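Undergrad: Sharing entry18.cif here; it has mmCIF, C-alpha atoms.
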```cif
data_my_file
loop_
_atom_site.group_PDB
_atom_site.id
_atom_site.type_symbol
_atom_site.label_atom_id
_atom_site.label_comp_id
_atom_site.auth_asym_id
_atom_site.auth_seq_id
_atom_site.Cartn_x
_atom_site.Cartn_y
_atom_site.Cartn_z
ATOM 1 C CA MET O 1267 -21.558 85.453 70.355
ATOM 2 C CA PHE O 1268 -23.346 84.343 73.508
ATOM 3 C CA ARG O 1269 -22.288 86.090 76.657
ATOM 4 C CA ILE O 1270 -20.957 84.407 79.768
ATOM 5 C CA LEU O 1271 -24.091 85.530 81.634
ATOM 6 C CA PHE O 1272 -26.292 83.670 79.140
ATOM 7 C CA PHE O 1273 -24.450 80.453 79.899
ATOM 8 C CA ALA O 1274 -24.569 81.008 83.652
ATOM 9 C CA LEU O 1275 -28.323 81.614 83.652
ATOM 10 C CA VAL O 1276 -29.059 78.608 81.482
ATOM 11 C CA VAL O 1277 -27.021 76.382 83.780
ATOM 12 C CA SER O 1278 -28.857 77.769 86.826
ATOM 13 C CA GLY O 1279 -32.232 77.019 85.268
ATOM 14 C CA ALA O 1280 -33.212 80.691 84.992
ATOM 15 C CA PRO O 1281 -34.294 82.166 81.661
ATOM 16 C CA ALA O 1282 -31.592 83.907 79.683
ATOM 17 C CA PHE O 1283 -31.749 87.655 79.108
ATOM 18 C CA ALA O 1284 -29.412 89.579 76.851
ATOM 19 C CA LEU O 1285 -28.913 91.983 79.749
ATOM 20 C CA ASP O 1286 -29.437 91.287 83.448
ATOM 21 C CA LEU O 1287 -31.470 94.123 84.965
ATOM 22 C CA GLN O 1288 -30.550 94.331 88.652
ATOM 23 C CA GLY O 1289 -32.607 96.403 91.082
ATOM 24 C CA HIS O 1290 -30.149 98.152 93.415
ATOM 25 C CA ARG O 1291 -31.178 97.770 97.053
ATOM 26 C CA GLY O 1292 -34.463 96.663 95.512
ATOM 27 C CA ALA O 1293 -35.450 99.904 93.817
ATOM 28 C CA ARG O 1294 -33.789 102.627 95.888
ATOM 29 C CA GLY O 1295 -34.912 105.467 93.660
ATOM 30 C CA LEU O 1296 -38.558 104.491 94.100
ATOM 31 C CA ALA O 1297 -38.982 103.032 97.609
ATOM 32 C CA PRO O 1298 -36.996 102.841 100.879
ATOM 33 C CA GLU O 1299 -33.768 101.008 100.205
ATOM 34 C CA ASN O 1300 -33.283 97.368 101.202
ATOM 35 C CA THR O 1301 -36.873 97.016 102.422
ATOM 36 C CA LEU O 1302 -39.768 94.763 101.464
ATOM 37 C CA PRO O 1303 -41.526 97.716 99.741
ATOM 38 C CA ALA O 1304 -38.417 98.242 97.585
ATOM 39 C CA PHE O 1305 -38.148 94.566 96.687
ATOM 40 C CA ALA O 1306 -41.869 94.396 95.950
ATOM 41 C CA ALA O 1307 -41.536 97.448 93.686
ATOM 42 C CA ALA O 1308 -38.654 95.828 91.794
ATOM 43 C CA LEU O 1309 -40.494 92.527 91.364
ATOM 44 C CA THR O 1310 -43.635 94.313 90.228
ATOM 45 C CA ILE O 1311 -41.688 96.337 87.643
ATOM 46 C CA GLY O 1312 -39.773 93.237 86.543
ATOM 47 C CA VAL O 1313 -36.086 92.639 87.223
ATOM 48 C CA GLY O 1314 -33.732 89.780 86.511
ATOM 49 C CA THR O 1315 -31.937 90.140 89.843
ATOM 50 C CA LEU O 1316 -32.612 91.672 93.243
ATOM 51 C CA GLU O 1317 -29.436 93.330 94.545
ATOM 52 C CA PHE O 1318 -29.148 93.968 98.287
ATOM 53 C CA ASP O 1319 -26.792 94.214 101.246
ATOM 54 C CA THR O 1320 -26.498 92.080 104.346
ATOM 55 C CA ALA O 1321 -25.482 92.342 107.971
ATOM 56 C CA VAL O 1322 -25.613 89.773 110.763
ATOM 57 C CA THR O 1323 -27.305 90.546 114.060
ATOM 58 C CA LYS O 1324 -25.968 89.750 117.512
ATOM 59 C CA ASP O 1325 -28.119 86.619 117.597
ATOM 60 C CA GLY O 1326 -26.873 85.409 114.211
ATOM 61 C CA VAL O 1327 -29.714 86.414 111.869
ATOM 62 C CA VAL O 1328 -28.956 87.691 108.357
ATOM 63 C CA ILE O 1329 -30.675 91.051 107.990
ATOM 64 C CA ILE O 1330 -30.851 93.367 104.972
ATOM 65 C CA ALA O 1331 -28.969 96.617 105.547
ATOM 66 C CA HIS O 1332 -26.368 98.629 103.655
ATOM 67 C CA ASP O 1333 -24.403 100.095 106.543
ATOM 68 C CA ARG O 1334 -22.503 98.393 109.320
ATOM 69 C CA ARG O 1335 -24.003 100.923 111.722
ATOM 70 C CA LEU O 1336 -27.556 102.220 111.586
ATOM 71 C CA ASN O 1337 -27.678 105.036 109.056
ATOM 72 C CA PRO O 1338 -29.038 108.221 110.699
ATOM 73 C CA GLU O 1339 -30.183 109.597 107.329
ATOM 74 C CA ILE O 1340 -32.780 106.845 106.964
ATOM 75 C CA THR O 1341 -33.350 105.496 110.488
ATOM 76 C CA LYS O 1342 -35.768 106.587 113.203
ATOM 77 C CA GLY O 1343 -35.532 105.263 116.729
ATOM 78 C CA PRO O 1344 -38.435 103.942 118.798
ATOM 79 C CA ASP O 1345 -39.103 107.560 119.848
ATOM 80 C CA GLY O 1346 -39.911 108.488 116.231
ATOM 81 C CA ARG O 1347 -36.882 110.730 115.824
ATOM 82 C CA TYR O 1348 -34.058 110.311 113.325
ATOM 83 C CA LEU O 1349 -30.908 108.961 114.917
ATOM 84 C CA THR O 1350 -27.773 110.978 115.463
ATOM 85 C CA ALA O 1351 -24.237 109.633 115.258
ATOM 86 C CA PRO O 1352 -22.687 107.595 116.690
ATOM 87 C CA THR O 1353 -25.284 104.917 116.040
ATOM 88 C CA PRO O 1354 -25.225 101.257 117.093
ATOM 89 C CA ALA O 1355 -23.554 98.613 114.972
ATOM 90 C CA ILE O 1356 -26.114 96.138 113.653
ATOM 91 C CA SER O 1357 -23.896 93.308 114.914
ATOM 92 C CA ALA O 1358 -24.440 94.648 118.451
ATOM 93 C CA LEU O 1359 -28.248 94.392 118.137
ATOM 94 C CA THR O 1360 -30.458 91.345 118.411
ATOM 95 C CA LEU O 1361 -33.031 90.883 115.683
ATOM 96 C CA ALA O 1362 -35.771 92.037 118.044
ATOM 97 C CA GLU O 1363 -33.790 95.187 118.845
ATOM 98 C CA ALA O 1364 -33.051 95.890 115.170
ATOM 99 C CA LYS O 1365 -36.735 95.533 114.298
ATOM 100 C CA ARG O 1366 -37.585 98.455 116.601
ATOM 101 C CA TYR O 1367 -36.014 100.909 114.155
ATOM 102 C CA ASP O 1368 -37.978 102.498 111.309
ATOM 103 C CA VAL O 1369 -36.177 102.713 107.942
ATOM 104 C CA GLY O 1370 -39.183 103.661 105.841
ATOM 105 C CA ALA O 1371 -38.314 107.281 105.023
ATOM 106 C CA ILE O 1372 -35.282 109.453 104.349
ATOM 107 C CA ASP O 1373 -34.638 112.331 106.738
ATOM 108 C CA PRO O 1374 -35.959 115.282 104.679
ATOM 109 C CA GLU O 1375 -33.185 117.513 106.037
ATOM 110 C CA SER O 1376 -30.402 115.229 104.777
ATOM 111 C CA ARG O 1377 -28.411 115.448 101.554
ATOM 112 C CA TYR O 1378 -29.611 111.933 100.815
ATOM 113 C CA ALA O 1379 -33.182 113.221 100.551
ATOM 114 C CA LYS O 1380 -32.181 115.583 97.751
ATOM 115 C CA THR O 1381 -30.548 112.750 95.825
ATOM 116 C CA PHE O 1382 -33.664 110.598 95.982
ATOM 117 C CA ALA O 1383 -36.381 113.232 96.110
ATOM 118 C CA GLY O 1384 -38.818 110.939 94.277
ATOM 119 C CA GLN O 1385 -38.496 108.041 96.690
ATOM 120 C CA ARG O 1386 -41.866 107.039 98.166
ATOM 121 C CA SER O 1387 -41.904 106.988 101.969
ATOM 122 C CA VAL O 1388 -43.341 103.974 103.777
ATOM 123 C CA PRO O 1389 -43.352 104.906 107.482
ATOM 124 C CA GLY O 1390 -43.213 102.042 109.926
ATOM 125 C CA THR O 1391 -40.986 99.858 107.738
ATOM 126 C CA SER O 1392 -38.338 97.760 109.490
ATOM 127 C CA MET O 1393 -35.201 96.102 108.159
ATOM 128 C CA PRO O 1394 -36.211 92.712 106.722
ATOM 129 C CA THR O 1395 -34.447 89.428 107.265
ATOM 130 C CA LEU O 1396 -33.165 87.339 104.376
ATOM 131 C CA GLY O 1397 -35.959 84.907 105.154
ATOM 132 C CA GLU O 1398 -38.571 87.643 104.781
ATOM 133 C CA VAL O 1399 -37.167 88.609 101.371
ATOM 134 C CA ALA O 1400 -37.273 84.971 100.299
ATOM 135 C CA ALA O 1401 -40.894 84.695 101.448
ATOM 136 C CA LEU O 1402 -41.826 87.820 99.467
ATOM 137 C CA VAL O 1403 -40.291 86.368 96.314
ATOM 138 C CA ARG O 1404 -42.127 83.091 96.832
ATOM 139 C CA ARG O 1405 -45.407 84.997 97.171
ATOM 140 C CA SER O 1406 -44.657 86.801 93.903
ATOM 141 C CA GLY O 1407 -44.439 83.482 92.087
ATOM 142 C CA ASN O 1408 -41.185 84.512 90.414
ATOM 143 C CA THR O 1409 -39.059 81.374 90.334
ATOM 144 C CA ALA O 1410 -36.427 82.843 88.006
ATOM 145 C CA VAL O 1411 -35.294 86.061 89.693
ATOM 146 C CA ARG O 1412 -31.761 85.882 91.043
ATOM 147 C CA PHE O 1413 -30.203 87.385 94.170
ATOM 148 C CA ASN O 1414 -27.022 89.490 94.192
ATOM 149 C CA VAL O 1415 -26.131 89.566 97.877
ATOM 150 C CA GLU O 1416 -23.434 91.842 99.268
ATOM 151 C CA THR O 1417 -21.488 91.254 102.465
ATOM 152 C CA LYS O 1418 -21.073 94.564 104.281
ATOM 153 C CA LEU O 1419 -17.889 94.460 106.259
ATOM 154 C CA SER O 1420 -14.585 96.277 106.156
ATOM 155 C CA PRO O 1421 -10.982 95.342 106.911
ATOM 156 C CA LEU O 1422 -10.682 98.869 108.343
ATOM 157 C CA ALA O 1423 -13.466 98.341 110.890
ATOM 158 C CA PRO O 1424 -13.095 94.766 112.160
ATOM 159 C CA ASP O 1425 -14.963 95.415 115.403
ATOM 160 C CA GLU O 1426 -18.194 96.453 113.670
ATOM 161 C CA THR O 1427 -19.107 93.086 112.126
ATOM 162 C CA LEU O 1428 -18.437 89.388 112.346
ATOM 163 C CA ASP O 1429 -15.068 88.326 110.973
ATOM 164 C CA PRO O 1430 -15.022 87.298 107.281
ATOM 165 C CA GLU O 1431 -15.141 83.561 107.982
ATOM 166 C CA ALA O 1432 -18.111 83.798 110.340
ATOM 167 C CA PHE O 1433 -19.943 86.341 108.172
ATOM 168 C CA ALA O 1434 -19.646 84.285 104.998
ATOM 169 C CA THR O 1435 -20.480 81.026 106.760
ATOM 170 C CA THR O 1436 -23.622 82.533 108.309
ATOM 171 C CA LEU O 1437 -24.765 84.004 104.992
ATOM 172 C CA VAL O 1438 -24.177 80.785 103.048
ATOM 173 C CA ALA O 1439 -26.127 78.790 105.639
ATOM 174 C CA ALA O 1440 -29.034 81.244 105.402
ATOM 175 C CA LEU O 1441 -29.090 81.121 101.595
ATOM 176 C CA ARG O 1442 -29.055 77.331 101.632
ATOM 177 C CA SER O 1443 -31.766 77.197 104.303
ATOM 178 C CA GLU O 1444 -34.037 79.377 102.142
ATOM 179 C CA GLY O 1445 -33.284 77.357 99.006
ATOM 180 C CA LEU O 1446 -31.663 80.341 97.296
ATOM 181 C CA ALA O 1447 -28.071 79.168 96.886
ATOM 182 C CA ALA O 1448 -28.467 78.062 93.261
ATOM 183 C CA ARG O 1449 -29.918 81.470 92.333
ATOM 184 C CA ALA O 1450 -27.472 83.571 94.347
ATOM 185 C CA THR O 1451 -24.306 85.516 93.739
ATOM 186 C CA ILE O 1452 -22.333 86.815 96.717
ATOM 187 C CA GLN O 1453 -20.509 90.085 96.083
ATOM 188 C CA SER O 1454 -18.218 92.218 98.194
ATOM 189 C CA PHE O 1455 -15.660 94.987 98.174
ATOM 190 C CA ASP O 1456 -13.938 92.985 100.919
ATOM 191 C CA TRP O 1457 -12.777 89.961 98.956
ATOM 192 C CA ARG O 1458 -11.901 87.994 102.087
ATOM 193 C CA THR O 1459 -15.528 86.877 102.373
ATOM 194 C CA LEU O 1460 -15.513 85.816 98.736
ATOM 195 C CA LYS O 1461 -12.570 83.493 99.302
ATOM 196 C CA VAL O 1462 -14.531 81.827 102.111
ATOM 197 C CA VAL O 1463 -17.587 81.415 99.880
ATOM 198 C CA GLN O 1464 -15.483 79.882 97.121
ATOM 199 C CA ARG O 1465 -14.146 77.333 99.602
ATOM 200 C CA ILE O 1466 -17.357 76.354 101.407
ATOM 201 C CA ALA O 1467 -20.032 76.935 98.740
ATOM 202 C CA PRO O 1468 -18.761 76.288 95.218
ATOM 203 C CA GLU O 1469 -22.364 76.292 93.979
ATOM 204 C CA ILE O 1470 -22.597 80.039 94.715
ATOM 205 C CA GLN O 1471 -20.815 82.303 92.243
ATOM 206 C CA THR O 1472 -18.820 85.230 93.582
ATOM 207 C CA SER O 1473 -18.590 88.808 92.337
ATOM 208 C CA CYS O 1474 -15.618 91.071 93.019
ATOM 209 C CA LEU O 1475 -16.805 94.636 93.600
ATOM 210 C CA THR O 1476 -14.364 97.414 92.743
ATOM 211 C CA ILE O 1477 -14.061 101.155 92.781
ATOM 212 C CA ALA O 1478 -10.810 102.745 91.680
ATOM 213 C CA ARG O 1479 -11.263 106.370 92.680
ATOM 214 C CA GLY O 1480 -11.558 108.674 95.658
ATOM 215 C CA ASN O 1481 -11.502 107.739 99.308
ATOM 216 C CA ASN O 1482 -13.386 104.505 98.635
ATOM 217 C CA ASP O 1483 -10.719 103.087 96.302
ATOM 218 C CA ASN O 1484 -10.410 99.400 97.189
ATOM 219 C CA VAL O 1485 -8.163 98.522 94.225
ATOM 220 C CA GLN O 1486 -5.285 100.951 94.896
ATOM 221 C CA VAL O 1487 -3.444 100.745 91.587
ATOM 222 C CA GLY O 1488 0.111 102.066 91.818
ATOM 223 C CA ARG O 1489 0.087 102.451 95.589
ATOM 224 C CA GLU O 1490 2.757 100.928 97.784
ATOM 225 C CA GLY O 1491 1.803 97.647 99.406
ATOM 226 C CA LYS O 1492 -1.298 95.516 99.051
ATOM 227 C CA SER O 1493 -4.818 96.826 99.361
ATOM 228 C CA PRO O 1494 -6.393 95.401 102.543
ATOM 229 C CA TRP O 1495 -9.588 94.792 100.545
ATOM 230 C CA LEU O 1496 -8.265 92.275 97.999
ATOM 231 C CA ALA O 1497 -7.694 89.213 100.212
ATOM 232 C CA GLY O 1498 -3.899 89.336 99.965
ATOM 233 C CA LEU O 1499 -3.642 90.147 96.260
ATOM 234 C CA ASP O 1500 -1.873 93.200 94.849
ATOM 235 C CA VAL O 1501 -3.271 94.622 91.621
ATOM 236 C CA ASP O 1502 0.192 95.881 90.701
ATOM 237 C CA ASP O 1503 1.371 92.258 90.471
ATOM 238 C CA PHE O 1504 -1.048 92.011 87.540
ATOM 239 C CA GLY O 1505 0.229 95.039 85.681
ATOM 240 C CA GLY O 1506 -2.399 97.240 87.319
ATOM 241 C CA SER O 1507 -5.143 95.311 85.512
ATOM 242 C CA VAL O 1508 -8.346 95.117 87.542
ATOM 243 C CA PRO O 1509 -9.911 92.346 85.406
ATOM 244 C CA ARG O 1510 -6.791 90.216 85.799
ATOM 245 C CA VAL O 1511 -6.691 90.550 89.589
ATOM 246 C CA VAL O 1512 -10.430 89.774 89.723
ATOM 247 C CA LYS O 1513 -9.786 86.617 87.712
ATOM 248 C CA ALA O 1514 -6.942 85.681 90.074
ATOM 249 C CA ALA O 1515 -9.297 86.167 93.027
ATOM 250 C CA GLY O 1516 -11.530 83.413 91.637
ATOM 251 C CA CYS O 1517 -14.546 85.602 90.908
ATOM 252 C CA ALA O 1518 -16.827 84.744 87.997
ATOM 253 C CA VAL O 1519 -18.142 88.316 87.973
ATOM 254 C CA TRP O 1520 -16.380 91.673 87.951
ATOM 255 C CA SER O 1521 -18.636 94.404 89.332
ATOM 256 C CA PRO O 1522 -16.980 97.796 88.827
ATOM 257 C CA PHE O 1523 -18.233 101.318 89.446
ATOM 258 C CA PHE O 1524 -19.512 102.144 85.981
ATOM 259 C CA ARG O 1525 -17.424 105.302 85.582
ATOM 260 C CA ASP O 1526 -14.261 103.209 85.997
ATOM 261 C CA VAL O 1527 -15.076 101.039 82.972
ATOM 262 C CA THR O 1528 -13.313 101.668 79.665
ATOM 263 C CA PRO O 1529 -13.709 99.745 76.403
ATOM 264 C CA GLN O 1530 -10.217 98.348 76.970
ATOM 265 C CA ALA O 1531 -11.065 97.105 80.475
ATOM 266 C CA MET O 1532 -14.323 95.607 79.219
ATOM 267 C CA ALA O 1533 -12.505 93.760 76.456
ATOM 268 C CA GLU O 1534 -9.901 92.490 78.914
ATOM 269 C CA ALA O 1535 -12.618 91.279 81.273
ATOM 270 C CA LYS O 1536 -14.344 89.367 78.479
ATOM 271 C CA ALA O 1537 -11.020 87.918 77.341
ATOM 272 C CA ASN O 1538 -10.572 86.584 80.874
ATOM 273 C CA GLY O 1539 -14.009 84.968 80.852
ATOM 274 C CA LEU O 1540 -15.581 87.398 83.328
ATOM 275 C CA THR O 1541 -19.183 88.526 83.450
ATOM 276 C CA VAL O 1542 -19.329 92.312 83.933
ATOM 277 C CA ALA O 1543 -22.016 93.806 86.202
ATOM 278 C CA VAL O 1544 -21.673 97.596 86.411
ATOM 279 C CA TRP O 1545 -23.005 99.719 89.281
ATOM 280 C CA THR O 1546 -24.898 102.023 89.973
ATOM 281 C CA VAL O 1547 -26.252 103.366 86.668
ATOM 282 C CA ASN O 1548 -29.222 105.739 86.889
ATOM 283 C CA ASP O 1549 -28.915 108.049 83.885
ATOM 284 C CA ARG O 1550 -30.376 107.042 80.533
ATOM 285 C CA ASP O 1551 -27.293 108.029 78.532
ATOM 286 C CA ASP O 1552 -25.034 106.085 80.888
ATOM 287 C CA MET O 1553 -27.304 103.053 80.569
ATOM 288 C CA LEU O 1554 -27.054 103.219 76.793
ATOM 289 C CA ARG O 1555 -23.285 103.607 76.970
ATOM 290 C CA MET O 1556 -22.888 100.582 79.242
ATOM 291 C CA ILE O 1557 -25.111 98.465 77.002
ATOM 292 C CA GLU O 1558 -23.165 99.497 73.920
ATOM 293 C CA MET O 1559 -19.882 98.796 75.713
ATOM 294 C CA GLY O 1560 -21.023 95.233 76.380
ATOM 295 C CA ALA O 1561 -22.041 95.107 80.035
ATOM 296 C CA ASP O 1562 -23.704 91.817 80.951
ATOM 297 C CA ALA O 1563 -25.616 93.319 83.870
ATOM 298 C CA ILE O 1564 -26.562 96.813 84.989
ATOM 299 C CA ILE O 1565 -27.325 97.582 88.631
ATOM 300 C CA THR O 1566 -29.676 100.557 88.950
ATOM 301 C CA ASP O 1567 -31.760 102.424 91.515
ATOM 302 C CA TYR O 1568 -34.408 102.887 88.810
ATOM 303 C CA PRO O 1569 -35.324 99.540 87.229
ATOM 304 C CA ASP O 1570 -38.263 101.226 85.484
ATOM 305 C CA ARG O 1571 -35.869 103.528 83.615
ATOM 306 C CA LEU O 1572 -33.616 100.689 82.566
ATOM 307 C CA ARG O 1573 -36.572 98.634 81.349
ATOM 308 C CA GLY O 1574 -37.527 101.578 79.128
ATOM 309 C CA VAL O 1575 -34.029 101.749 77.664
ATOM 310 C CA MET O 1576 -33.934 97.982 77.161
ATOM 311 C CA ALA O 1577 -37.289 98.067 75.387
ATOM 312 C CA GLU O 1578 -36.057 100.784 73.046
ATOM 313 C CA LYS O 1579 -32.989 98.671 72.265
ATOM 314 C CA GLY O 1580 -35.128 95.618 71.562
ATOM 315 C CA LEU O 1581 -33.651 93.659 74.474
ATOM 316 C CA THR O 1582 -35.651 90.889 76.120
ATOM 317 C CA LEU O 1583 -37.251 92.085 79.345
ATOM 318 C CA PRO O 1584 -37.428 90.023 82.532
ATOM 319 C CA PRO O 1585 -40.984 89.121 83.572
ATOM 320 C CA ALA O 1586 -42.931 91.324 85.947
ATOM 321 C CA ALA O 1587 -44.149 89.635 89.136
ATOM 322 C CA PRO O 1588 -46.614 91.960 90.878
ATOM 323 C CA VAL O 1589 -46.621 91.496 94.656
ATOM 324 C CA MET O 1590 -47.508 93.528 97.728
ATOM 325 C CA PRO O 1591 -44.888 93.856 100.493
#
```
Could the structure of this file be written out as structure tokens, please?
TA:
Amino acid sequence: MFRILFFALVVSGAPAFALDLQGHRGARGLAPENTLPAFAAALTIGVGTLEFDTAVTKDGVVIIAHDRRLNPEITKGPDGRYLTAPTPAISALTLAEAKRYDVGAIDPESRYAKTFAGQRSVPGTSMPTLGEVAALVRRSGNTAVRFNVETKLSPLAPDETLDPEAFATTLVAALRSEGLAARATIQSFDWRTLKVVQRIAPEIQTSCLTIARGNNDNVQVGREGKSPWLAGLDVDDFGGSVPRVVKAAGCAVWSPFFRDVTPQAMAEAKANGLTVAVWTVNDRDDMLRMIEMGADAIITDYPDRLRGVMAEKGLTLPPAAPVMP
């Protein structure tokens, strides 16, 4: 039976793959996250989708960055030293100011460096704009690769970013300006932005990100009151079913933390017509398990590893598009 993702890619004009290989933050395990070197690495390896995060600068430019504030583990100031907290919010910086920071190498003294010990450093790398990512993809000649674009904001930190309406409106305008809207998905843990996208840009599909564990739990099954992350919905009104609340939120895609996914939840998602894009899967055995469970897309820091697993399984591989950053 054809998967929902197959249908979506055919409609969009992109080639259909049995599994959508998504490079997380470009290729975070191989090159500095959310940078042109990381996106170039992913395109050169061959991915179906570039996954990345967005912020909006003080002067209204969409820039690629995971954190609302500059991350001291990966950011050097103009003096060449790694930052110390508290760091500036990206929304408080102009583009010119943001470009003065170097995000090309992990602080070797940080825990983050141990996690990604094999990441190649590229000193002197700045945060790219959405337009710069689009230009890189055009230079690669890859007219099929898609874009999974996350809005990085939080209902718990409203002063650190634009409000959901302004954030989503700015991002949609930038995607349309670059001609990427038809190849884009907008994802978020903060579903308020997704509701805006659904209203103002029906041509852009939305993906509801979830994690149902630990301090980052945005679903909050069985907890009193509504989660502030779910745009006014309460998962407990849907019997505690995450796929059902995602469907009610209007998302075409459910993007759960892969360890939260069970065969029962996967089956329920498919029964509700959802595409399932699991994150962030870096271990070979976990990749195999997600494929066998029926994931439509896998988001990974190591697209080279996932390509190897896909090849072993006889799955069609997305084309490589070698390009220099």
Undergrad: Taking into account only C-alpha atoms, which residue in the set O:Leu1475, O:Val1511, O:Ala1434, O:Ala1364 is nearest to Val1487 (chain O)?
TA: O:Val1511
Undergrad: Go through O:Ile1452, O:Thr1409, O:Ala1586, O:Gly1480 one by one, measure the shortest atom-to-atom distance of each to Ala1307 (chain O) using only C-alpha atoms, and give the residue with the smallest value.
TA: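 The closest residue to Ala1307 (chain O) is O:Ala1586.
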Undergrad: Could you please determine the separation between CA of Gln1464 (chain O) and CA of Asp1425 (chain O) in Å, to one decimal place?
TA: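 It comes out at 24.0 Å.
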Undergrad: Might I get the box with edges along x, y and z of the file that holds all atoms of region 1466-1483 of chain O listed there, padded by 4 Å on every side, given as centre and edge lengths in Å to one decimal, as JSON?
TA:
```
{"center_x": -16.7, "center_y": 92.5, "center_z": 96.5, "size_x": 19.9, "size_y": 40.4, "size_z": 17.7}
```
Undergrad: If you measure from CA of Leu1359 (chain O) to CA of Ala1321 (chain O), what distance in Å do you get, rounded to one decimal?
TA: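 Here the two named atoms are 10.7 Å from each other.
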Undergrad: For region 1549-1562 of chain O, list every protein, DNA or RNA residue within 7 Å, evaluated using all atoms listed in the file, and leave out those in the same chain fewer than 4 positions away; present the list as a list of chain:residue names.
TA: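 Counting all atoms listed in the file, the residues come to O:Leu1271, O:Leu1285, O:Asp1286, O:Pro1529, O:Thr1541, O:Val1542, O:Ala1543, O:Val1544.
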Undergrad: Just the number, please: distance in Å from CA of Arg1334 (chain O) to CA of Gln1453 (chain O), one decimal.
TA: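 Distance between the two atoms: 15.8 Å.
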Undergrad: Need to verify the contact set: region 1565-1568 of chain O, 7 Å, all atoms listed in the file, exclusion of same-chain residues closer than 6 positions in sequence. Can you return it as a PyMOL selection string?
TA: chain O and resi 1287-1290+1293-1296+1543-1548
